[in-house]
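Take a look at the structure set out below.
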Amino acid sequence: MREVRVKICGLKTPQDLAAVARAGAACAGFNFFPKSPRYVTPAEARALAVAAPEGLCKVALVVDADDATLDGIVAEVPLDMLQLHGHETPARVAEIKARYGLPVMKVIGVAVEADLAPLLDYQLVADQILVDAKAPKDAVLPGGNGLTFDWRLLVGRKWLKPWMLAGGLTPGNVGQAIQRTGARQVDVASGVESAPGVKDAGRIAAFVEAAQGVKGGVPILR
Ligand SMILES: O=C(O)c1ccccc1N[C@@H]1O[C@H](COP(=O)(O)O)[C@@H](O)[C@H]1O
């Protein structure tokens with residue numbers, strides 16, 4: 001069975017990038033949501049992206065970004081994927097994909113089974129799906145809150161596109177999350193930090209090791 005791919009999201013410094021590369025993560029995420037403690041400007045992200053080792057997938061996280069914002073990011077930062085973490089409709093996802101010619105990963109926030117209903121429509125237009133915990137109504141951030149959801153909601157689901165699991169993952173629970181859901185890709189932001197926006201190299205290494213050490217990855221049926 002192929003290795004689990006890990007994305008570490010919200011990198012801000014060259015030290016973060018070095019820790020991610022050293023740990024053997026597949027993807028690095030740059031966060032362009034201004035209210036996030038993980039926010040980077042396009043210029044800051046560019047400096048990191050150009051220094052990234054060959055083969056590390058560079059992902060831009062945006063939230064309901066307009067064309068002008070996306071134009072600025074895409075023009076400045078060498079990217080491999082756009083992560084749409086807002087309320088982008090399927091039509092908007094298709095528009096962004098066509099405009100920039102980059103693979104697009106659409107995020108679905110999940111708390112209850114009904115939240116998965118839009119999955120089919122999004123899978124028809126996006127290249128990948130990221131399933132994250134749904135943010136509470138009063139939350140400032142639509143993601144990156146360190147919240148998990150009921151992983152049983154994903155068990156036995158048929159996927160048309162590659163998908164990634166996120167939401168409250170940590171070095172301590174990622175192995176169980178992979179075994180329970182059958183995820184082959186995982187994403188983490190707050191679970192590898194010592195404080196909001198401050199990445200911890202030891203936790204990054206432990207997370208990747210825990211994710212890649214899972215044998216089997218067979219979903220447990222409900
Ligand atoms: O991390 C953020 O600050 C953030 C802000 C706005 C939207 C998404 C954000 N992060 C993404 O949320 C999930 C889960 O994060 P966590 O591991 O629970 O902290 C992940 O996909 C991040 O990329």
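The way I read the labels, and the way they are meant: chains A, B, ... in the order of the structure tokens, residue 1 as the first residue of every chain, and ligand 1 as the first ligand shown, with later ones counted on from there.
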Please give me, as an MDAnalysis selection string, the residues lying within 8 Å of ligand 1 when counting only C-alpha atoms and all ligand atoms.
chainID A and resid 8:10 29 31 33 35:39 61:63 85:86 107 130:133 141:148 165:170 187:192 197
Which parts of stretch 83-204 of chain A does DSSP call alpha helix (DSSP H) when run on the backbone here, written out as a ChimeraX atom specification?
/A:90-100,119-125,174-181,201-204
Have a look at A:Leu11, A:Ala211, A:Ala21, A:Val110 and name the one nearest to A:Thr41; count only C-alpha atoms.
A:Leu11
Got a sec to tell me which of stretch 69-212 of chain A DSSP assigns to strand (DSSP E or B), as JSON, numbers by chain?
{"A": [81, 82, 83, 84, 104, 105, 106, 107, 108, 109, 110, 128, 129, 130, 131, 132, 133, 163, 164, 165, 185, 186, 187, 188, 193, 194, 195, 198, 199]}
Go through A:Asp80, A:Asp150, A:Glu88, A:Glu209 and flag the residue nearest A:Val59, using only C-alpha atoms for the distances.
A:Asp80
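Each of A:Ala201, A:Leu124, A:Leu82, A:Gly156 was compared to A:Thr13 using only C-alpha atoms, and A:Ala201 turns out to be the nearest.
One distance worth recording is that between atom CA of A:Trp163 and atom CA of A:Gln83, which is 12.2 Å.
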Neighbouring residues of A:Ala47 were defined as those with any atom within 12 Å, considering only C-alpha atoms; residues of the same chain fewer than 4 positions away were excluded. Please report them as a ChimeraX atom specification.
/A:11-14,17,30,40-43,51-52,76-78
